[in-house]
Structure formats: C-alpha cells, structure tokens
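Okay, so here's the structure we're looking at.
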Amino acid sequence: MKMKNINKILSGLGVILMLASCDYQRINTNPYEMTEEQGKMDGIALGASITLMQRCVFPVGTQANQTDYINAYQTAYHLSVDGWSGYFGQDNNWYSGNNQLTYYIQDDWTTSTYKESYTNLLPSWKKIKTQSEKNDTPEVFALAQIIKISAWHKTLEAFGPIPYSHAGEMQLVIPFDSEEEVYKAMFADLKSAIEVLEPMAESGASIMANYDIVYGGNTQKWVKYANSLMLRLAMRLKYCAPDLAKQWATYAYANDITRLMNLKDDEAQVSKGAGYVFVNNINHCARSYGETAMCTSMFAYMNGYKDPRMSKYFTEAQQLESTKQIPAWAIDGYDGKKYAPVPPGTSSGAKTFEGRSKPNFTADTPTYWMRASEVYFLLAEAALEWSEFGSAADWYRKGIEMSFEENGLAASSAASYINNENKPQAVSVNVGYSVRYSASAPTQATVQFDNSSKEASLEKIMIQKWIALYPNGMEAWTEWRKTGYPKLNPVHVNNSPDGATKETGIRRMVYPNSFSQSAEDAENYQEALNKLGGADKAVTKLWWDCKR
C-alpha cells in the first residue's frame with residue numbers, strides 16, 4: 001500500500017476516533033446535570049443578581065456610575081418623601097415651583113419612584129427565583145425574598161395596591177393585589193425565608209458572601225433583619241388590622257430581643273461591600289448640586305430639645321462666598337453655633353438660601369435600610385398596645401440610647417437628655433424680601449416619658465423615632481401618615497391641584513400615567529383603583545392610614 005493511502009487511512013481513523021471521543025463525552029454527560037464550570041457561572045450570575053437587587057432597595061452607585069444613581073434617588077425619593085418627612089428643605093424650584101415639594105405631583109417623578117422601588121428589581125428577582133428552583137438553592141431565593149420585600153413594601157406604602165402574587169409571571173397584564181393581600185403575602189414570605197435561613201444562621205454558615213453588599217453573607221444578621229422588617233410591617237397595621245398586627249409582631253419578637261436587630265452592628269446599610277465603595281446620594285445633592293438643606297422642622301425639635309445629635313446630623317450655617325460672613329438669616333443654636341434651616345416646600349429660585357445648613361454627611365456615609373434604634377421604638381409602640389411586649393418606657397429609653405450610640409455619642413450621655421423638660425421651638429426664616437416664613441412651636445411635648453395618656457406616650461415615641469430614623473425619609477413619611485406624629489412645620493407654598501392642605505399633606509403618590517394607556521392596562525388600572533378604594537389622587541388615604 002502506498003504511503004499516501006496509509007496516511008489518508010490514519011487521518012480518517014483519527015477523525016473517527018476524535019468524533020467518537022466527542023460523542024462518548026456527550027453520551028456519558030447528563031444533560032440535566034450542571035457541570036462545575038456551569039455551576040461557577042450560575043453562582044456568578046445569581047450573585048450579581050443579589051447585588052443588583054440590593055442596589056435597588058435605595059438606588060446606590062459608585063463613583064464609576066457618575067450621577068445616574070444619584071439622579072435616580074433624587075427624583076424617586078429625595079424631592080418628595082425626604083421633604084414630606086420634615087427632614088430636608090431644598091434650595092431650588094423645579095418646574096417653576098410646581099413639584100412634589102409644593103404638593104404638585106409630577107408624573108415623571110412618581111414614575112421614577114415606582115421604577116426605582118419596584119420595576120428595576122423585578123428582573124433580578126425573577127432570575128433568582130427561576131435559577132434557585134432549577135439548582136435547588138432555596139437559601140438564595142430566601143435571601144432574594146427578604147431583599148424584594150425591603151423594596152416593594154416602600155412601593156406599596158407610597159402608591160397602594162401593587163402586583164405581588166403574580167409578579168414575574170408570563171402574562172401581558174399582571175393584576176394588582178389589594179394592600180391587605182400584599183401585607184399578608186409579605187408576612188408569609190418573610191416567615192418562609194426566615195425558616196430557610198435559621199438553620200444556616202445557627203450553624204454559622206454564610207450565603208452569597210462575595211456578592212452581599214449589606215451583611216457580607218452573615219446569615220445571623222439576615223435573620224435578625226428579616227424579623228425586624230416583619231415587626232416594622234406588622235406595626236404598620238395596628239389601626240387597620242390590630243389582630244393581624246399583633247399576630248406578626250408577636251411572631252417577629254417572640255419575647256426574645258436577640259431575634260431582632262438589637263445592637264449597633266446589626267444595622268442594615270450599604271457603604272462598602274463585595275468590592276464596591278458606594279457614594280452617599282444625599283451628600284452629593286447637598287454639596288455638588290447645592291440644593292439640600294436642614295429643614296426647619298428638624299431645627300424646631302432638635303434645637304428646642306438641646307439634642308446633641310443636631311451637629312451630627314447637620315452643619316452649622318456656611319459663610320457666604322461674597323462676604324465671607326454667616327448669612328444674616330441664620331438662627332442661634334443651643335450649642336453656640338449658628339444654623340440656617342430652610343422651610344419645607346418653597347418655590348424660590350436656586351441659591352435663595354445661600355449659606356444654608358447642610359446634612360453633615362460625606363461621600364462615605366452609609367445608606368441605611370434599618371437600624372437597631374428603630375426596632376426599640378417599634379417595641380415601645382407595641383408595648384403601648386399589648387402588655388406582652390413589656391414596658392414602653394423601657395423600650396423608649398433604649399431606643400434613644402441606641403440612637404445616641406449609632407451617632408457616635410455615648411449611650412450613657414442620653415440620661416440627661418431623656419429626663420429634660422425642654423420643648424420644641426418656633427422658627428422664623430426671613431431671607432431678604434424673597435422668603436418670609438414663620439412656624440409656631442409644633443408641639444408642647446417634652447422628651448421625658450410619662451404615662452399620663454396613651455396618646456401622649458405615642459407622640460413622644462414617634463418624635464424620638466423620627467429623629468432616630470433620619471435620613472430615611474420614606475419610613476418617616478409613612479409613620480407620620482400612620483400616627484400623625486411628629487407634628488411638622490407646614491410647607492411655605494401649597495400648589496396642590498388635588499386639595500391637599502398644609503395640615504394633611506400628601507397621603508400617597510399617584511400611579512404613573514403609563515399605567516392606563518392601552519385598553520388592557522386601563523382595565524387593570526381601574527381594578528387597582530377599585531382595590532385602592534378611592535381616586536388616584538395624592539389626598540386618597542391608604543388602607544393603614546385610618547387613624548385621622
């Protein structure tokens with residue numbers, strides 16, 4: 001046989017053997033079993049989705065993201081709930097003064113709120129749900145459920161009915177659930193997630209440690225946070241569904257404070273994690289945009305109470321560039337400094353309040369989801385309702401002490417503050433001829449706790465909770481609507497077309513216009529309004545907003 005033919009035969013055999021080898025590998029590989037490489041890729045994909053979900057609870061970005069996340073936070077929360085809560089005034093007049101802060105609701109801003117608190121999180125959650133079922137990793141889905149509820153309860157409490165039980169399904173139009181249905185589903189989902197993660201927490205196992213920007217995979221802290229979140233949601237319902245509120249508050253607490261966030265280090269926050277360093281949105285709005293300022297409501301309470309957290313929260317008045325002097329409209333603080341607070345809901349042009357007091361943040365200041373001080377105040381509120389929760393006065397004291405500790409003050413230094421008889425004060429801000437604003441003292445309530453009446457005790461608890469929640473405007477606005485406390489300074493300008501008054505304020509956000517554009521969407525939107533039980537207006541109260 002010629003050498004040329006032999007080479008052809010050998011080459012052919014080589015190809016056959018190679019193909020056989022490939023076919024052997026294909027035949028002997030389970031197509032339904034994940035390879036090691038696929039497992040690594042799925043882990044990366046799931047981990048990235050966990051990180052993306054966490055970044056959606058409140059929009060947070062890095063320096064590399066430039067201002068995308070900052071602008072998202074600003075329009076979704078900062079120029080609405082952060083002002084409605086009484087935390088911040090603004091030195092600008094978007095839409096010529098017709099904006100959320102003056103009670104004129106702008107569709108693009110409410111669309112931003114819905115998008116940032118609900119829509120942006122949905123694809124990542126759906127992906128994790130599918131992959132967790134496929135790969136039998138219920139613990140990853142449990143974590144995703146907790147994160148989802150952290151974001152979606154804000155949507156629920158801003159707008160009312162939302163799609164929940166059918167979210168992520170392959171339907172042209174996803175139906176809305178009533179508020180009551182969503183709360184019940186959230187409680188059940190949190191309970192299931194806790195039950196999955198508790199064994200891991202007891203054994204010290206971690207979860208998604210390389211992708212978790214909140215707790216670095218610490219399952220003990222995630223279980224504490226989930227129970228605390230359940231307590232927050234349970235207490236939301238104390239007026240509209242007291243039995244349901246008690247049921248889930250009791251489950252979350254179970255007469256054991258260690259089940260809940262009870263230490264400073266338990267705080268759920270985003271600043272550094274999973275290789276990222278996140279910038280603080282509010283700091284950027286205050287310093288780079290030159291707009292955000294201390295609200296007069298904060299000054300009225302904190303200066304009146306001689307609260308040492310005031311200088312932790314806000315800077316003193318700033319020197320004017322033109323004169324190098326403190327602005328003439330600045331107000332004397334109890335600590336010997338001058339402060340320049342801005343009234344809520346102004347319509348003055350930019351730079352009207354030059355020299356204003358700014359939030360005392362840096363780019364590295366964390367964005368907080370929840371802190372232990374809030375939990376103590378939730379327990380104080382629960383104790384007012386149900387004796388099984390102990391002493392409201394004791395939880396109240398511990399809440400103040402924890403807030404002091406969280407803000408770099410010794411818990412022991414809270415004793416004199418807790419026992420003082422100081423009261424909030426009236427505030428006047430007169431900036432030339434452009435702004436003439438006066439607000440009387442919002443209340444006569446002191447810090448010192450007493451049991452003279454349940455309502456008086458509740459007001460004190462909510463005032464101190466409000467101070468401790470700073471700067472979480474979403475939660476503060478929600479609690480103000482639920483309880484009526486703290487009493488806040490009225491907006492300077494009210495441009496509401498819906499009948500919102502300076503006393504009643506904004507009760508909810510209206511749904512984005514896009515919800516009713518197609519025939520199918522319009523029908524679904526109308527069903528949402530049926531479940532809301534009122535018109536799609538900012539004055540319509542939500543289910544739990546039934547005290548007053």
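Chain identifiers are assigned as A, B, and so on, following the order in which chains appear in the structure tokens; residues are numbered from 1 within each chain, and ligands are numbered from 1 in order of appearance.
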Worksheet item: Do you know which residues are at most 7 Å from A:Ala317 counting only C-alpha atoms, after dropping those on the same chain fewer than 4 positions away, and could you put them as a list in words?
Response: Ile326, Ala330, Lys338, Tyr339, Ala340, Gly355, Arg356 and Ser357 of chain A
Subject >> Distance query A:Tyr276 at most 12 Å, only C-alpha atoms, self and fewer than 3 positions along chain excluded, as number ranges by chain >> reply: A: 51, 55, 60-65, 210-214, 216, 270-273, 279, 364
Let me see the file: selected residues, all heavy atoms, as a tab-separated table (two decimals), in the first residue's frame.
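After the write, result-v7.tsv holds the following:
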chain	number	residue	atom	x	y	z
A	51	THR	N	-26.66	41.29	44.18
A	51	THR	CA	-26.08	42.63	44.31
A	51	THR	C	-26.98	43.68	43.66
A	51	THR	O	-27.24	44.75	44.24
A	51	THR	CB	-24.68	42.69	43.68
A	51	THR	OG1	-23.86	41.68	44.27
A	51	THR	CG2	-24.04	44.05	43.91
A	55	ARG	N	-28.93	46.90	45.40
A	55	ARG	CA	-28.71	48.28	44.95
A	55	ARG	C	-30.01	48.97	44.55
A	55	ARG	O	-30.02	50.19	44.32
A	55	ARG	CB	-27.72	48.29	43.78
A	55	ARG	CG	-26.32	47.86	44.18
A	55	ARG	CD	-25.35	47.84	43.02
A	55	ARG	NE	-25.03	49.18	42.55
A	55	ARG	CZ	-24.08	49.46	41.67
A	55	ARG	NH1	-23.36	48.47	41.15
A	55	ARG	NH2	-23.86	50.69	41.28
A	60	VAL	N	-28.22	53.06	44.82
A	60	VAL	CA	-26.88	53.42	45.27
A	60	VAL	C	-25.89	53.11	44.16
A	60	VAL	O	-26.00	52.09	43.47
A	60	VAL	CB	-26.46	52.67	46.56
A	60	VAL	CG1	-27.23	53.18	47.76
A	60	VAL	CG2	-26.66	51.16	46.41
A	61	GLY	N	-24.92	54.00	43.98
A	61	GLY	CA	-23.93	53.82	42.94
A	61	GLY	C	-22.54	54.14	43.44
A	61	GLY	O	-22.34	54.64	44.55
A	62	THR	N	-21.56	53.85	42.60
A	62	THR	CA	-20.17	54.15	42.89
A	62	THR	C	-19.76	55.39	42.09
A	62	THR	O	-20.52	55.91	41.28
A	62	THR	CB	-19.27	52.97	42.51
A	62	THR	OG1	-19.28	52.83	41.08
A	62	THR	CG2	-19.76	51.68	43.15
A	63	GLN	N	-18.54	55.82	42.30
A	63	GLN	CA	-18.02	56.94	41.51
A	63	GLN	C	-18.06	56.63	40.01
A	63	GLN	O	-18.30	57.50	39.18
A	63	GLN	CB	-16.57	57.26	41.93
A	63	GLN	CG	-16.44	57.88	43.31
A	63	GLN	CD	-16.89	59.32	43.37
A	63	GLN	OE1	-17.31	59.89	42.36
A	63	GLN	NE2	-16.83	59.94	44.54
A	64	ALA	N	-17.85	55.34	39.68
A	64	ALA	CA	-17.84	54.94	38.27
A	64	ALA	C	-19.21	55.11	37.62
A	64	ALA	O	-19.31	55.26	36.40
A	64	ALA	CB	-17.38	53.49	38.15
A	65	ASN	N	-20.26	55.08	38.42
A	65	ASN	CA	-21.61	55.25	37.87
A	65	ASN	C	-21.95	56.71	37.62
A	65	ASN	O	-23.05	57.02	37.13
A	65	ASN	CB	-22.65	54.67	38.84
A	65	ASN	CG	-22.49	53.18	39.05
A	65	ASN	OD1	-22.31	52.71	40.16
A	65	ASN	ND2	-22.52	52.42	37.97
A	210	ASN	N	-19.62	36.82	48.77
A	210	ASN	CA	-18.84	37.65	47.84
A	210	ASN	C	-19.70	38.65	47.07
A	210	ASN	O	-19.16	39.49	46.35
A	210	ASN	CB	-18.10	36.77	46.84
A	210	ASN	CG	-17.03	35.92	47.49
A	210	ASN	OD1	-16.44	36.33	48.50
A	210	ASN	ND2	-16.77	34.75	46.95
A	211	TYR	N	-21.02	38.56	47.22
A	211	TYR	CA	-21.93	39.43	46.46
A	211	TYR	C	-22.86	40.25	47.35
A	211	TYR	O	-23.56	41.12	46.86
A	211	TYR	CB	-22.76	38.59	45.50
A	211	TYR	CG	-21.91	37.73	44.59
A	211	TYR	CD1	-21.64	36.39	44.89
A	211	TYR	CD2	-21.35	38.26	43.43
A	211	TYR	CE1	-20.85	35.61	44.07
A	211	TYR	CE2	-20.55	37.49	42.60
A	211	TYR	CZ	-20.31	36.16	42.92
A	211	TYR	OH	-19.52	35.40	42.10
A	212	ASP	N	-22.85	39.97	48.63
A	212	ASP	CA	-23.75	40.61	49.57
A	212	ASP	C	-23.14	41.92	50.06
A	212	ASP	O	-22.19	41.91	50.85
A	212	ASP	CB	-24.02	39.66	50.75
A	212	ASP	CG	-24.89	40.26	51.82
A	212	ASP	OD1	-25.43	41.37	51.62
A	212	ASP	OD2	-25.03	39.61	52.89
A	213	ILE	N	-23.68	43.05	49.62
A	213	ILE	CA	-23.12	44.35	49.97
A	213	ILE	C	-23.68	44.90	51.28
A	213	ILE	O	-23.27	45.96	51.73
A	213	ILE	CB	-23.35	45.39	48.85
A	213	ILE	CG1	-24.84	45.64	48.61
A	213	ILE	CG2	-22.65	44.95	47.57
A	213	ILE	CD1	-25.14	46.71	47.57
A	214	VAL	N	-24.60	44.16	51.91
A	214	VAL	CA	-25.20	44.62	53.17
A	214	VAL	C	-24.55	43.95	54.37
A	214	VAL	O	-24.04	44.62	55.28
A	214	VAL	CB	-26.72	44.35	53.17
A	214	VAL	CG1	-27.35	44.79	54.50
A	214	VAL	CG2	-27.39	45.08	52.01
A	216	GLY	N	-22.38	40.95	54.00
A	216	GLY	CA	-21.26	40.08	53.65
A	216	GLY	C	-21.55	38.61	53.84
A	216	GLY	O	-20.65	37.83	54.17
A	270	VAL	N	-25.70	50.16	53.37
A	270	VAL	CA	-24.87	49.99	52.18
A	270	VAL	C	-23.84	51.11	52.15
A	270	VAL	O	-24.19	52.29	52.14
A	270	VAL	CB	-25.72	50.03	50.89
A	270	VAL	CG1	-24.84	49.94	49.66
A	270	VAL	CG2	-26.74	48.89	50.90
A	271	SER	N	-22.57	50.74	52.17
A	271	SER	CA	-21.48	51.71	52.04
A	271	SER	C	-20.30	51.07	51.32
A	271	SER	O	-19.85	51.56	50.29
A	271	SER	CB	-21.05	52.25	53.41
A	271	SER	OG	-20.72	51.19	54.29
A	272	LYS	N	-19.82	49.95	51.87
A	272	LYS	CA	-18.74	49.21	51.23
A	272	LYS	C	-19.08	47.73	51.30
A	272	LYS	O	-19.55	47.24	52.32
A	272	LYS	CB	-17.41	49.46	51.94
A	272	LYS	CG	-16.95	50.91	51.91
A	272	LYS	CD	-15.66	51.09	52.70
A	272	LYS	CE	-15.22	52.55	52.72
A	272	LYS	NZ	-13.99	52.75	53.52
A	273	GLY	N	-18.82	47.01	50.22
A	273	GLY	CA	-19.08	45.59	50.23
A	273	GLY	C	-19.00	44.98	48.86
A	273	GLY	O	-19.26	45.66	47.86
A	279	VAL	N	-21.19	55.78	46.96
A	279	VAL	CA	-21.24	57.19	47.37
A	279	VAL	C	-22.62	57.50	47.94
A	279	VAL	O	-23.63	56.91	47.55
A	279	VAL	CB	-20.93	58.13	46.18
A	279	VAL	CG1	-19.52	57.91	45.67
A	279	VAL	CG2	-21.94	57.95	45.05
A	364	ASP	N	-18.77	58.87	51.96
A	364	ASP	CA	-18.72	57.52	52.52
A	364	ASP	C	-19.83	57.23	53.52
A	364	ASP	O	-19.92	56.11	54.03
A	364	ASP	CB	-17.38	57.29	53.21
A	364	ASP	CG	-16.21	57.32	52.24
A	364	ASP	OD1	-16.42	56.99	51.06
A	364	ASP	OD2	-15.09	57.70	52.65
- Among stretch 222-292 of chain A, which residues carry a DSSP assignment of alpha helix (DSSP H), reported as a ChimeraX atom specification? /A:222-236,242-253,281-287
Check: When distances are computed from only C-alpha atoms, which of A:Asn494, A:Ala363, A:Met310, A:Ser96 shows the smallest separation from A:Phe404?
Finding: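 When distances to A:Phe404 are compared using only C-alpha atoms, the smallest one comes from A:Met310.
We find atom CA of A:Lys224 and atom CA of A:Glu195 to be spaced 12.0 Å apart.
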Give one line per residue of stretch 146-216 of chain A that approaches stretch 107-115 of chain A to at most 10 Å, naming the two atoms of the closest pair and their distance in Å to one decimal, counting only C-alpha atoms; sort by chain then ascending residue number and deliver it as CSV.
residue,atom,partner,partner_atom,distance
A:Trp152,CA,A:Tyr114,CA,9.4
A:Lys154,CA,A:Tyr114,CA,9.3
A:Thr155,CA,A:Tyr114,CA,6.4
A:Leu156,CA,A:Tyr114,CA,9.6
A:Ala158,CA,A:Thr113,CA,8.6
A:Phe159,CA,A:Tyr114,CA,8.3
message = For A:Thr258, find every residue with an atom within 12 Å (counting only C-alpha atoms), except residues of its own chain fewer than 4 positions away, and show them as a VMD selection string.
response = chain A and resid 220 to 221 223 to 225 227 to 228 252 to 254 262 to 263 266 372 375 to 376
Output file for the residues above (C-alpha atoms, as a compact mmCIF listing (two decimals), in the first residue's frame):
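As a result, again_10.txt now contains:
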# COMPACT_ATOMS: atom_id res chain seq x y z
CA GLN A 220 -27.39 35.53 61.57
CA LYS A 221 -27.74 39.20 60.70
CA VAL A 223 -32.42 36.54 60.09
CA LYS A 224 -32.37 39.39 62.62
CA TYR A 225 -33.10 41.88 59.87
CA ASN A 227 -37.61 39.53 61.84
CA SER A 228 -37.16 43.27 62.36
CA ALA A 252 -41.17 38.50 64.99
CA TYR A 253 -40.32 39.29 68.62
CA ALA A 254 -41.28 36.02 70.37
CA ASN A 262 -30.65 44.97 68.97
CA LEU A 263 -27.02 46.04 68.54
CA ASP A 266 -26.89 44.81 63.32
CA ALA A 372 -31.48 48.89 65.81
CA VAL A 375 -36.57 48.30 66.46
CA TYR A 376 -36.58 49.56 70.04
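As for atom CA of A:Thr365 and atom CA of A:Asn280, they are spaced 5.8 Å apart.
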For A:Thr483: contacts at 12 Å, only C-alpha atoms, fewer than 5 positions along chain excluded, given as an mmCIF file with N, CA and C atoms, in the first residue's frame:
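Resulting contents of part.cif:
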data_model
loop_
_atom_site.group_PDB
_atom_site.id
_atom_site.type_symbol
_atom_site.label_atom_id
_atom_site.label_comp_id
_atom_site.auth_asym_id
_atom_site.auth_seq_id
_atom_site.Cartn_x
_atom_site.Cartn_y
_atom_site.Cartn_z
ATOM 1 N N MET A 235 -46.409 46.500 62.690
ATOM 2 C CA MET A 235 -46.856 47.693 63.406
ATOM 3 C C MET A 235 -47.505 48.704 62.476
ATOM 4 N N ARG A 236 -47.264 48.579 61.185
ATOM 5 C CA ARG A 236 -47.925 49.458 60.227
ATOM 6 C C ARG A 236 -49.444 49.253 60.262
ATOM 7 N N LEU A 237 -49.873 48.069 60.661
ATOM 8 C CA LEU A 237 -51.281 47.695 60.545
ATOM 9 C C LEU A 237 -52.037 47.805 61.865
ATOM 10 N N LYS A 238 -51.475 48.445 62.855
ATOM 11 C CA LYS A 238 -52.085 48.388 64.189
ATOM 12 C C LYS A 238 -53.448 49.070 64.249
ATOM 13 N N TYR A 239 -53.717 50.037 63.376
ATOM 14 C CA TYR A 239 -55.017 50.707 63.383
ATOM 15 C C TYR A 239 -56.016 50.025 62.455
ATOM 16 N N CYS A 240 -55.556 49.532 61.304
ATOM 17 C CA CYS A 240 -56.484 48.976 60.322
ATOM 18 C C CYS A 240 -56.750 47.493 60.541
ATOM 19 N N GLU A 381 -43.761 51.087 70.836
ATOM 20 C CA GLU A 381 -45.113 51.287 70.302
ATOM 21 C C GLU A 381 -45.963 50.041 70.519
ATOM 22 N N GLU A 455 -51.953 58.390 74.196
ATOM 23 C CA GLU A 455 -51.663 59.241 73.049
ATOM 24 C C GLU A 455 -50.440 60.107 73.303
ATOM 25 N N ALA A 456 -50.318 60.630 74.530
ATOM 26 C CA ALA A 456 -49.142 61.446 74.863
ATOM 27 C C ALA A 456 -47.875 60.609 74.780
ATOM 28 N N LEU A 458 -47.490 57.924 72.908
ATOM 29 C CA LEU A 458 -47.249 57.634 71.494
ATOM 30 C C LEU A 458 -46.550 58.803 70.809
ATOM 31 N N GLU A 459 -46.969 60.016 71.083
ATOM 32 C CA GLU A 459 -46.341 61.173 70.451
ATOM 33 C C GLU A 459 -44.858 61.230 70.784
ATOM 34 N N LYS A 460 -44.508 60.995 72.044
ATOM 35 C CA LYS A 460 -43.101 61.040 72.429
ATOM 36 C C LYS A 460 -42.299 59.948 71.720
ATOM 37 N N ILE A 461 -42.878 58.750 71.658
ATOM 38 C CA ILE A 461 -42.194 57.644 70.974
ATOM 39 C C ILE A 461 -41.953 57.991 69.506
ATOM 40 N N MET A 462 -42.977 58.531 68.850
ATOM 41 C CA MET A 462 -42.856 58.796 67.423
ATOM 42 C C MET A 462 -41.919 59.969 67.138
ATOM 43 N N ILE A 463 -41.882 60.950 68.023
ATOM 44 C CA ILE A 463 -40.935 62.060 67.828
ATOM 45 C C ILE A 463 -39.505 61.529 67.879
ATOM 46 N N LYS A 465 -38.516 58.445 67.515
ATOM 47 C CA LYS A 465 -38.284 57.527 66.401
ATOM 48 C C LYS A 465 -37.964 58.311 65.138
ATOM 49 N N TRP A 466 -38.698 59.394 64.913
ATOM 50 C CA TRP A 466 -38.464 60.251 63.745
ATOM 51 C C TRP A 466 -37.047 60.805 63.758
ATOM 52 N N ALA A 476 -40.011 57.607 57.569
ATOM 53 C CA ALA A 476 -40.512 58.686 58.423
ATOM 54 C C ALA A 476 -41.834 59.240 57.906
ATOM 55 N N TRP A 477 -41.942 59.437 56.585
ATOM 56 C CA TRP A 477 -43.195 59.933 55.994
ATOM 57 C C TRP A 477 -44.327 58.939 56.222
ATOM 58 N N THR A 478 -44.012 57.652 56.101
ATOM 59 C CA THR A 478 -45.019 56.620 56.297
ATOM 60 C C THR A 478 -45.512 56.601 57.741
ATOM 61 N N TRP A 544 -53.925 51.446 55.639
ATOM 62 C CA TRP A 544 -53.477 51.546 57.031
ATOM 63 C C TRP A 544 -53.512 52.982 57.554
ATOM 64 N N ASP A 545 -53.736 53.948 56.675
ATOM 65 C CA ASP A 545 -53.754 55.373 57.046
ATOM 66 C C ASP A 545 -55.181 55.738 57.462
ATOM 67 N N CYS A 546 -55.597 55.243 58.619
ATOM 68 C CA CYS A 546 -57.005 55.360 59.002
ATOM 69 C C CYS A 546 -57.198 55.952 60.400
ATOM 70 N N LYS A 547 -56.126 56.459 60.996
ATOM 71 C CA LYS A 547 -56.255 56.996 62.353
ATOM 72 C C LYS A 547 -56.998 58.318 62.378
ATOM 73 N N ARG A 548 -56.730 59.167 61.347
ATOM 74 C CA ARG A 548 -57.323 60.504 61.353
ATOM 75 C C ARG A 548 -57.818 60.870 59.961
#
Hey, could you make a per-residue contact list for stretch 374-451 of chain A against stretch 289-299 of chain A with 12 Å as the cut-off, showing the nearest pair of atoms and its distance in Å to one decimal, counting only C-alpha atoms, sorted by chain and number, as JSON lines?
{"residue": "A:Lys423", "atom": "CA", "partner": "A:Phe299", "partner_atom": "CA", "distance": 11.8}
{"residue": "A:Pro424", "atom": "CA", "partner": "A:Phe299", "partner_atom": "CA", "distance": 8.6}
{"residue": "A:Gln425", "atom": "CA", "partner": "A:Phe299", "partner_atom": "CA", "distance": 8.3}
{"residue": "A:Ala426", "atom": "CA", "partner": "A:Thr296", "partner_atom": "CA", "distance": 9.2}
{"residue": "A:Val427", "atom": "CA", "partner": "A:Thr296", "partner_atom": "CA", "distance": 6.8}
{"residue": "A:Ser428", "atom": "CA", "partner": "A:Thr296", "partner_atom": "CA", "distance": 8.5}
{"residue": "A:Val429", "atom": "CA", "partner": "A:Thr296", "partner_atom": "CA", "distance": 8.5}
{"residue": "A:Tyr437", "atom": "CA", "partner": "A:Thr296", "partner_atom": "CA", "distance": 9.9}
{"residue": "A:Ser438", "atom": "CA", "partner": "A:Thr296", "partner_atom": "CA", "distance": 9.6}
{"residue": "A:Ala439", "atom": "CA", "partner": "A:Thr296", "partner_atom": "CA", "distance": 8.6}
{"residue": "A:Ser440", "atom": "CA", "partner": "A:Ser297", "partner_atom": "CA", "distance": 10.4}
{"residue": "A:Ala441", "atom": "CA", "partner": "A:Ser297", "partner_atom": "CA", "distance": 9.3}
{"residue": "A:Pro442", "atom": "CA", "partner": "A:Ser297", "partner_atom": "CA", "distance": 8.2}
{"residue": "A:Thr443", "atom": "CA", "partner": "A:Ser297", "partner_atom": "CA", "distance": 11.1}
| query | So how far away is atom CA of A:Pro497 from atom CA of A:Asp82, in Å? | reply |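 Separation of atom CA of A:Asp82 and atom CA of A:Pro497: 21.0 Å.
Closest approach to A:Glu520 among A:Ser311, A:Lys541, A:Ile174, A:Ala245: A:Ile174, based on only C-alpha atoms.
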Can you pull out every residue within 9 Å of stretch 384-391 of chain A, counting only C-alpha atoms, but drop anything in the same chain fewer than 3 positions away, and send it as number ranges by chain? A: 238, 246, 250, 253, 255, 379-381, 394-396, 454, 457-458
Pull C-alpha atoms from the residues just selected and write them as a PDB file, in the first residue's frame.
ATOM      1  CA  LYS A 238     -52.085  48.388  64.189  1.00  0.00           C
ATOM      2  CA  LYS A 246     -50.337  41.601  66.906  1.00  0.00           C
ATOM      3  CA  THR A 250     -45.559  38.545  68.294  1.00  0.00           C
ATOM      4  CA  TYR A 253     -40.318  39.295  68.619  1.00  0.00           C
ATOM      5  CA  ASN A 255     -40.301  37.609  73.697  1.00  0.00           C
ATOM      6  CA  LEU A 379     -41.238  47.593  70.556  1.00  0.00           C
ATOM      7  CA  ALA A 380     -42.140  50.692  72.579  1.00  0.00           C
ATOM      8  CA  GLU A 381     -45.113  51.287  70.302  1.00  0.00           C
ATOM      9  CA  ASP A 394     -38.001  50.945  78.923  1.00  0.00           C
ATOM     10  CA  TRP A 395     -38.010  50.350  75.166  1.00  0.00           C
ATOM     11  CA  TYR A 396     -38.288  54.106  74.604  1.00  0.00           C
ATOM     12  CA  LYS A 454     -51.547  56.518  75.701  1.00  0.00           C
ATOM     13  CA  SER A 457     -46.795  58.473  75.185  1.00  0.00           C
ATOM     14  CA  LEU A 458     -47.249  57.634  71.494  1.00  0.00           C
TER      15      LEU A 458
END
